[in-house]
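K.L.:
Take a look at the following structure, please.
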Amino acid sequence: MSPQSLDQIFSKDPKTLTDDEVRIIVKRLEAERENWLTAEPKASKAKKTAASPTLSLEDLGDLEL
Amino acid sequence: MSNSSFSQALPFMQIAWDSTSMGTLMECPRKYQYSIIEGWQPRQMSVHLAFGIHYHSALETYDRVKVETGDHDRAVVAAVRRALEDTWDYTLNRPWNSDDKNKNRFTLIRTVVWYLAQFREDPLETIILANGKPAVELSFRFETEYVSPEGSPFILCGHLDRLVMWNERPRVVDRKTSKNSIEGEEFFARFTPDNQMSTYDFAGSVVYNLPILEGVIIDAAQVMVTFSRFRRGFAHRTPAQRHEWYMNLGHWLRLASQYAEQRFWPMNTKSCGNYGGCPFRPVCSKSPETREGWLASLYVKRTWDPLQIRGDI
């Protein structure tokens, strides 16, 4: 049986998901984080000029709750 | 629609206040009238509010399962399952459909997993209550010294995300998600002064009897399309600042009483463009005699009752 993609698991009714399927999500996202952490130091330098926007009064609603 | 936070004798007089209702009054009394007193809300819940609710819910599940079982991996699975279930539309049998590229079902679950990976060994230790449960999503309510027009004391209430021990001191933690930068001090600086954080600081110091509380820890998550990152900062409060906030609260409660007695909540037109634009601008921009009709056609009624309990008291 071929491994399920995240999209396949995400599109299922969550009440039907097994713990193993949820673990697949966790493991793949943790791996994605590891990749991002490895790439991040280089990316940070490159992004100095294209930093993410700073919060302004106009979009403070972003912080709701 | 009944709202237990309002006076039975004076139906426009709110007796129990949380930071949301007080913050709305401070922002614009007319917005407060429409959203809190009359209960009008946009037909579709703000994506930021929905994302925040789901994020809190998943991390609360993690904290509870972690305390019950002591098993990090099991608690992560429970948190992710909770997020998956909370973001499934069981009527339409499909996932939550957010059109926000930063805040959607996938970025929610990624943010939960990455947060729990980063803070697997968390220096903030959740306080365990006397009943053995973790101090997360704690509802609080207590009487203030301020008296309402009906003669009863005004009540302050709300919910604290988490109480922790850090550096051998108790702290209140509030979780925030944002698509904006959380680097630098600018992000955290906006929480001082801030009514919500001052309310939580006050509640932590009074209700949970944490006399050495020095403010609130902001546990921030930046949610981007391809990554989530996290940073913690402080909203410090000195005892004098706490006292000052409490004096301010009394002023605003007196003002709220005046508005309720006069049955008139003025517009603060300097606030219309804030927070991405007030959701009631389409109504306030219309001629007064037509506004009832606009409210009924553009909004739905959802009661905001601060006395509804989320977690443990």
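Quick note on naming: the chains in the structure tokens go A, B, ... in the order shown, residues restart at 1 in each chain, and ligands are numbered from 1 in order of appearance.
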Which residues of chain B have any atom within 7 Å of an atom in chain A when counting only C-alpha atoms, and what is the closest pair of atoms for each, with the distance in Å to one decimal? Order the rows by chain and rising number and write it as a Markdown table.
P.N.:
```
| residue | atom | partner | partner_atom | distance |
| --- | --- | --- | --- | --- |
| B:His48 | CA | A:Asp62 | CA | 5.4 |
| B:Leu49 | CA | A:Glu64 | CA | 5.3 |
| B:Gly52 | CA | A:Leu65 | CA | 6.0 |
| B:Val77 | CA | A:Val22 | CA | 6.2 |
| B:Arg81 | CA | A:Val22 | CA | 6.7 |
| B:Leu84 | CA | A:Pro14 | CA | 5.9 |
| B:Glu85 | CA | A:Pro14 | CA | 5.5 |
| B:Pro95 | CA | A:Ser11 | CA | 6.9 |
| B:Arg110 | CA | A:Leu29 | CA | 6.1 |
| B:Val113 | CA | A:Val26 | CA | 6.3 |
| B:Trp114 | CA | A:Arg33 | CA | 6.5 |
| B:Lys176 | CA | A:Leu63 | CA | 6.1 |
| B:Thr177 | CA | A:Leu63 | CA | 6.0 |
| B:Ser178 | CA | A:Asp62 | CA | 5.7 |
| B:Asn180 | CA | A:Pro53 | CA | 5.4 |
| B:Ser181 | CA | A:Thr54 | CA | 5.2 |
| B:Gly273 | CA | A:Glu58 | CA | 6.7 |
| B:Asn274 | CA | A:Glu58 | CA | 4.8 |
| B:Tyr275 | CA | A:Gly61 | CA | 4.5 |
| B:Gly276 | CA | A:Glu58 | CA | 4.6 |
```
K.L.:
Taking the DSSP assignment computed from this structure's backbone, write out as a ChimeraX atom specification all residues of region 100-245 of chain B that belong to helix (DSSP H, G or I).
P.N.:
/B:105-118,186-189,195-206,239-245
K.L.:
Would you output that residue set with C-alpha atoms, as a JSON list (two decimals), in the first residue's frame?
P.N.:
```
[["chain", "number", "residue", "atom", "x", "y", "z"],
["B", 105, "ARG", "CA", -6.41, 24.51, 8.57],
["B", 106, "PHE", "CA", -2.99, 23.39, 7.40],
["B", 107, "THR", "CA", -1.07, 26.32, 8.96],
["B", 108, "LEU", "CA", -3.03, 25.82, 12.19],
["B", 109, "ILE", "CA", -1.97, 22.21, 12.55],
["B", 110, "ARG", "CA", 1.58, 22.99, 11.45],
["B", 111, "THR", "CA", 1.75, 25.77, 14.05],
["B", 112, "VAL", "CA", 0.51, 23.45, 16.80],
["B", 113, "VAL", "CA", 3.03, 20.72, 15.88],
["B", 114, "TRP", "CA", 5.95, 23.14, 15.54],
["B", 115, "TYR", "CA", 5.08, 24.89, 18.81],
["B", 116, "LEU", "CA", 4.96, 21.61, 20.70],
["B", 117, "ALA", "CA", 8.24, 20.51, 19.08],
["B", 118, "GLN", "CA", 9.96, 23.73, 20.08],
["B", 186, "GLU", "CA", 8.01, 46.38, 18.91],
["B", 187, "PHE", "CA", 5.61, 43.45, 18.89],
["B", 188, "PHE", "CA", 5.60, 43.05, 22.66],
["B", 189, "ALA", "CA", 5.67, 46.78, 23.39],
["B", 195, "ASN", "CA", -6.50, 46.63, 28.65],
["B", 196, "GLN", "CA", -6.56, 42.88, 27.98],
["B", 197, "MET", "CA", -3.14, 42.21, 29.51],
["B", 198, "SER", "CA", -3.86, 44.49, 32.46],
["B", 199, "THR", "CA", -7.10, 42.61, 33.08],
["B", 200, "TYR", "CA", -5.25, 39.29, 33.08],
["B", 201, "ASP", "CA", -2.49, 40.69, 35.29],
["B", 202, "PHE", "CA", -5.08, 42.01, 37.73],
["B", 203, "ALA", "CA", -7.03, 38.75, 37.70],
["B", 204, "GLY", "CA", -3.88, 36.73, 38.29],
["B", 205, "SER", "CA", -2.87, 38.89, 41.21],
["B", 206, "VAL", "CA", -6.32, 39.02, 42.84],
["B", 239, "PRO", "CA", 1.78, 47.41, 41.49],
["B", 240, "ALA", "CA", 1.36, 51.14, 40.73],
["B", 241, "GLN", "CA", 0.48, 50.40, 37.11],
["B", 242, "ARG", "CA", -2.01, 47.79, 38.30],
["B", 243, "HIS", "CA", -3.59, 50.34, 40.61],
["B", 244, "GLU", "CA", -3.72, 52.93, 37.83],
["B", 245, "TRP", "CA", -5.46, 50.48, 35.51]]
```
K.L.:
Please compute the CA of Pro282 (chain B)-CA of Trp294 (chain B) distance, one decimal, in Å.
P.N.:
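Result for CA of Pro282 (chain B) versus CA of Trp294 (chain B): 8.2 Å, one decimal.
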K.L.:
Write out as a list in words which residues come within 7 Å of Pro29 (chain B) when counting only C-alpha atoms, dropping same-chain ones fewer than 2 positions away.
P.N.:
Leu25, Met26, Glu27, Lys31, Tyr32, Gln33, Trp265, Pro266, Met267 and Asn268 of chain B
K.L.:
Taking N, CA, C and O atoms for each residue, export the selection above as an mmCIF file, in the first residue's frame.
P.N.:
```
data_model
loop_
_atom_site.group_PDB
_atom_site.id
_atom_site.type_symbol
_atom_site.label_atom_id
_atom_site.label_comp_id
_atom_site.auth_asym_id
_atom_site.auth_seq_id
_atom_site.Cartn_x
_atom_site.Cartn_y
_atom_site.Cartn_z
ATOM 1 N N LEU B 25 -15.965 48.793 24.452
ATOM 2 C CA LEU B 25 -16.499 50.084 24.930
ATOM 3 C C LEU B 25 -15.442 51.185 24.797
ATOM 4 O O LEU B 25 -15.739 52.291 24.343
ATOM 5 N N MET B 26 -14.207 50.861 25.189
ATOM 6 C CA MET B 26 -13.123 51.852 25.101
ATOM 7 C C MET B 26 -12.869 52.260 23.651
ATOM 8 O O MET B 26 -12.568 53.409 23.368
ATOM 9 N N GLU B 27 -12.981 51.277 22.771
ATOM 10 C CA GLU B 27 -12.701 51.545 21.353
ATOM 11 C C GLU B 27 -13.786 52.440 20.754
ATOM 12 O O GLU B 27 -13.490 53.454 20.114
ATOM 13 N N LYS B 31 -19.931 50.792 18.781
ATOM 14 C CA LYS B 31 -19.570 49.405 18.449
ATOM 15 C C LYS B 31 -19.951 48.485 19.615
ATOM 16 O O LYS B 31 -20.441 47.372 19.411
ATOM 17 N N TYR B 32 -19.737 48.988 20.821
ATOM 18 C CA TYR B 32 -20.108 48.231 22.020
ATOM 19 C C TYR B 32 -21.630 47.984 22.038
ATOM 20 O O TYR B 32 -22.096 46.884 22.325
ATOM 21 N N GLN B 33 -22.392 49.021 21.719
ATOM 22 C CA GLN B 33 -23.861 48.880 21.681
ATOM 23 C C GLN B 33 -24.270 47.789 20.689
ATOM 24 O O GLN B 33 -25.063 46.892 21.017
ATOM 25 N N TRP B 265 -25.124 55.534 23.117
ATOM 26 C CA TRP B 265 -23.715 55.134 23.055
ATOM 27 C C TRP B 265 -23.091 55.859 21.862
ATOM 28 O O TRP B 265 -23.353 55.495 20.704
ATOM 29 N N PRO B 266 -22.294 56.900 22.129
ATOM 30 C CA PRO B 266 -21.797 57.731 21.022
ATOM 31 C C PRO B 266 -20.792 57.000 20.131
ATOM 32 O O PRO B 266 -20.132 56.066 20.563
ATOM 33 N N MET B 267 -20.720 57.458 18.887
ATOM 34 C CA MET B 267 -19.704 56.915 17.970
ATOM 35 C C MET B 267 -18.357 57.545 18.294
ATOM 36 O O MET B 267 -18.278 58.743 18.531
ATOM 37 N N ASN B 268 -17.309 56.726 18.257
ATOM 38 C CA ASN B 268 -15.955 57.269 18.285
ATOM 39 C C ASN B 268 -15.423 57.150 16.861
ATOM 40 O O ASN B 268 -14.889 56.104 16.470
#
```
K.L.:
Which value, in Å to one decimal, gives the distance between CA of Glu125 (chain B) and CA of Asp219 (chain B)?
P.N.:
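So the two atoms, CA of Glu125 (chain B) and CA of Asp219 (chain B), lie 13.4 Å apart.
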K.L.:
To one decimal place in Å, what is the distance between CA of Phe140 (chain B) and CA of Phe119 (chain B)?
P.N.:
26.6 Å
K.L.:
Which neighbours of region 162-165 of chain B fall inside 10 Å, counting only C-alpha atoms, when residues of the same chain fewer than 3 positions from it are skipped, and could you give them as a PyMOL selection string?
P.N.:
chain B and resi 60+63+123-129+134-138+159+168-175+204+208+216-217
K.L.:
Keeping only N, CA, C and O atoms, write those residues as a compact mmCIF listing (two decimals), in the first residue's frame.
P.N.:
```txt
# COMPACT_ATOMS: atom_id res chain seq x y z
N GLU B 60 -4.60 23.63 24.69
CA GLU B 60 -5.24 23.28 25.97
C GLU B 60 -5.34 21.75 26.07
O GLU B 60 -5.06 21.16 27.13
N ASP B 63 -1.99 20.35 26.98
CA ASP B 63 -1.65 20.53 28.40
C ASP B 63 -2.39 19.53 29.29
O ASP B 63 -1.82 18.96 30.22
N PRO B 123 10.42 25.61 29.56
CA PRO B 123 10.85 26.22 30.84
C PRO B 123 9.67 26.79 31.63
O PRO B 123 9.80 27.04 32.83
N LEU B 124 8.54 27.00 30.95
CA LEU B 124 7.33 27.45 31.66
C LEU B 124 6.59 26.20 32.12
O LEU B 124 6.12 25.40 31.30
N GLU B 125 6.49 26.03 33.41
CA GLU B 125 5.88 24.81 33.96
C GLU B 125 4.44 25.10 34.37
O GLU B 125 4.20 25.95 35.25
N THR B 126 3.50 24.45 33.71
CA THR B 126 2.09 24.69 34.02
C THR B 126 1.81 24.37 35.49
O THR B 126 2.17 23.29 35.98
N ILE B 127 1.15 25.29 36.16
CA ILE B 127 0.78 25.06 37.57
C ILE B 127 -0.32 24.00 37.63
O ILE B 127 -1.23 24.00 36.79
N ILE B 128 -0.22 23.12 38.59
CA ILE B 128 -1.26 22.12 38.79
C ILE B 128 -2.16 22.59 39.93
O ILE B 128 -1.68 22.91 41.02
N LEU B 129 -3.46 22.64 39.65
CA LEU B 129 -4.42 23.13 40.65
C LEU B 129 -4.64 22.09 41.74
O LEU B 129 -4.24 20.93 41.61
N PRO B 134 -4.46 20.77 35.26
CA PRO B 134 -3.53 21.85 34.90
C PRO B 134 -4.25 23.19 34.84
O PRO B 134 -5.43 23.26 34.48
N ALA B 135 -3.52 24.25 35.17
CA ALA B 135 -4.12 25.59 35.19
C ALA B 135 -4.12 26.18 33.78
O ALA B 135 -3.31 27.05 33.45
N VAL B 136 -5.01 25.65 32.95
CA VAL B 136 -5.14 26.16 31.58
C VAL B 136 -6.60 26.51 31.32
O VAL B 136 -7.50 25.88 31.86
N GLU B 137 -6.83 27.54 30.47
CA GLU B 137 -8.17 28.01 30.15
C GLU B 137 -8.99 28.17 31.43
O GLU B 137 -10.07 27.60 31.58
N LEU B 138 -8.48 28.98 32.31
CA LEU B 138 -9.11 29.17 33.61
C LEU B 138 -10.10 30.32 33.56
O LEU B 138 -9.73 31.44 33.20
N HIS B 159 -11.08 34.77 31.02
CA HIS B 159 -10.39 33.48 30.95
C HIS B 159 -8.90 33.72 30.81
O HIS B 159 -8.47 34.54 30.01
N GLU B 168 10.81 30.31 39.40
CA GLU B 168 10.24 30.15 40.74
C GLU B 168 9.17 31.18 41.07
O GLU B 168 8.90 31.46 42.24
N ARG B 169 8.62 31.79 40.03
CA ARG B 169 7.55 32.75 40.27
C ARG B 169 6.34 32.40 39.39
O ARG B 169 6.51 31.96 38.25
N PRO B 170 5.13 32.62 39.92
CA PRO B 170 3.95 32.35 39.11
C PRO B 170 3.76 33.44 38.05
O PRO B 170 4.04 34.61 38.30
N ARG B 171 3.30 33.03 36.89
CA ARG B 171 3.06 33.98 35.80
C ARG B 171 1.79 33.59 35.07
O ARG B 171 1.47 32.41 34.94
N VAL B 172 1.13 34.62 34.52
CA VAL B 172 0.02 34.39 33.61
C VAL B 172 0.59 34.37 32.20
O VAL B 172 1.45 35.19 31.86
N VAL B 173 0.15 33.41 31.39
CA VAL B 173 0.60 33.35 30.00
C VAL B 173 -0.59 33.60 29.08
O VAL B 173 -1.68 33.04 29.30
N ASP B 174 -0.39 34.44 28.09
CA ASP B 174 -1.43 34.64 27.08
C ASP B 174 -0.86 34.32 25.71
O ASP B 174 0.21 34.81 25.35
N ARG B 175 -1.56 33.50 24.95
CA ARG B 175 -1.07 33.07 23.65
C ARG B 175 -1.63 33.97 22.55
O ARG B 175 -2.83 34.30 22.55
N GLY B 204 -4.87 37.65 37.74
CA GLY B 204 -3.88 36.73 38.29
C GLY B 204 -3.47 37.12 39.69
O GLY B 204 -3.30 36.27 40.56
N TYR B 208 -6.18 34.59 41.76
CA TYR B 208 -5.33 33.44 42.06
C TYR B 208 -4.30 33.75 43.13
O TYR B 208 -3.38 32.96 43.35
N VAL B 216 2.33 39.77 32.46
CA VAL B 216 1.88 38.62 31.68
C VAL B 216 2.98 38.24 30.69
O VAL B 216 3.62 39.11 30.10
N ILE B 217 3.17 36.93 30.51
CA ILE B 217 4.07 36.45 29.46
C ILE B 217 3.24 36.31 28.18
O ILE B 217 2.20 35.65 28.19
```
K.L.:
Please run DSSP on the backbone and report, as a VMD selection string, all residues within region 116-294 of chain B that come out as strand (DSSP E).
P.N.:
chain B and resid 125 to 126 136 to 147 153 to 166 169 to 178 215 to 223 228 to 236
K.L.:
Write out the residues from the selection above, keeping C-alpha atoms, as a compact mmCIF listing (two decimals), in the first residue's frame.
P.N.:
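part.txt, written as the output of this step:
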```
# COMPACT_ATOMS: atom_id res chain seq x y z
CA GLU B 125 5.88 24.81 33.96
CA THR B 126 2.09 24.69 34.02
CA VAL B 136 -5.14 26.16 31.58
CA GLU B 137 -8.17 28.01 30.15
CA LEU B 138 -9.11 29.17 33.61
CA SER B 139 -12.29 31.13 34.02
CA PHE B 140 -12.23 33.85 36.68
CA ARG B 141 -14.79 36.22 38.14
CA PHE B 142 -14.74 38.52 41.12
CA GLU B 143 -16.56 41.55 42.46
CA THR B 144 -14.92 44.94 42.07
CA GLU B 145 -15.30 47.81 44.51
CA TYR B 146 -17.31 49.70 41.90
CA VAL B 147 -21.09 49.71 42.30
CA PRO B 153 -20.99 45.50 42.51
CA PHE B 154 -19.59 45.33 39.02
CA ILE B 155 -17.95 42.00 38.28
CA LEU B 156 -14.71 41.44 36.41
CA CYS B 157 -14.47 38.12 34.59
CA GLY B 158 -12.70 36.33 31.78
CA HIS B 159 -10.39 33.48 30.95
CA LEU B 160 -6.66 33.01 31.45
CA ASP B 161 -4.86 30.86 28.91
CA ARG B 162 -2.35 29.38 31.31
CA LEU B 163 -0.77 29.85 34.73
CA VAL B 164 2.85 28.78 34.98
CA MET B 165 5.88 28.82 37.22
CA TRP B 166 8.90 30.51 35.71
CA ARG B 169 7.55 32.75 40.27
CA PRO B 170 3.95 32.35 39.11
CA ARG B 171 3.06 33.98 35.80
CA VAL B 172 0.02 34.39 33.61
CA VAL B 173 0.60 33.35 30.00
CA ASP B 174 -1.43 34.64 27.08
CA ARG B 175 -1.07 33.07 23.65
CA LYS B 176 -1.19 35.21 20.52
CA THR B 177 -1.02 34.33 16.85
CA SER B 178 -0.10 36.81 14.16
CA GLY B 215 2.67 41.05 34.45
CA VAL B 216 1.88 38.62 31.68
CA ILE B 217 4.07 36.45 29.46
CA ILE B 218 3.03 36.79 25.81
CA ASP B 219 3.54 33.47 24.05
CA ALA B 220 3.56 34.63 20.43
CA ALA B 221 3.33 32.59 17.24
CA GLN B 222 4.02 34.10 13.86
CA VAL B 223 2.06 32.17 11.26
CA SER B 228 5.61 29.24 11.93
CA ARG B 229 7.96 30.73 14.47
CA PHE B 230 7.61 31.48 18.15
CA ARG B 231 8.81 34.03 20.63
CA ARG B 232 8.01 34.88 24.21
CA GLY B 233 7.98 38.35 25.68
CA PHE B 234 6.68 40.22 28.68
CA ALA B 235 3.96 42.73 29.37
CA HIS B 236 5.29 43.97 32.71
```
K.L.:
Taking into account only C-alpha atoms, which residue in the set B:Asn167, B:Asn104, B:Gln262, B:Ser152 is nearest to Trp88 (chain B)?
P.N.:
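When distances to Trp88 (chain B) are compared using only C-alpha atoms, the smallest one comes from B:Asn104.
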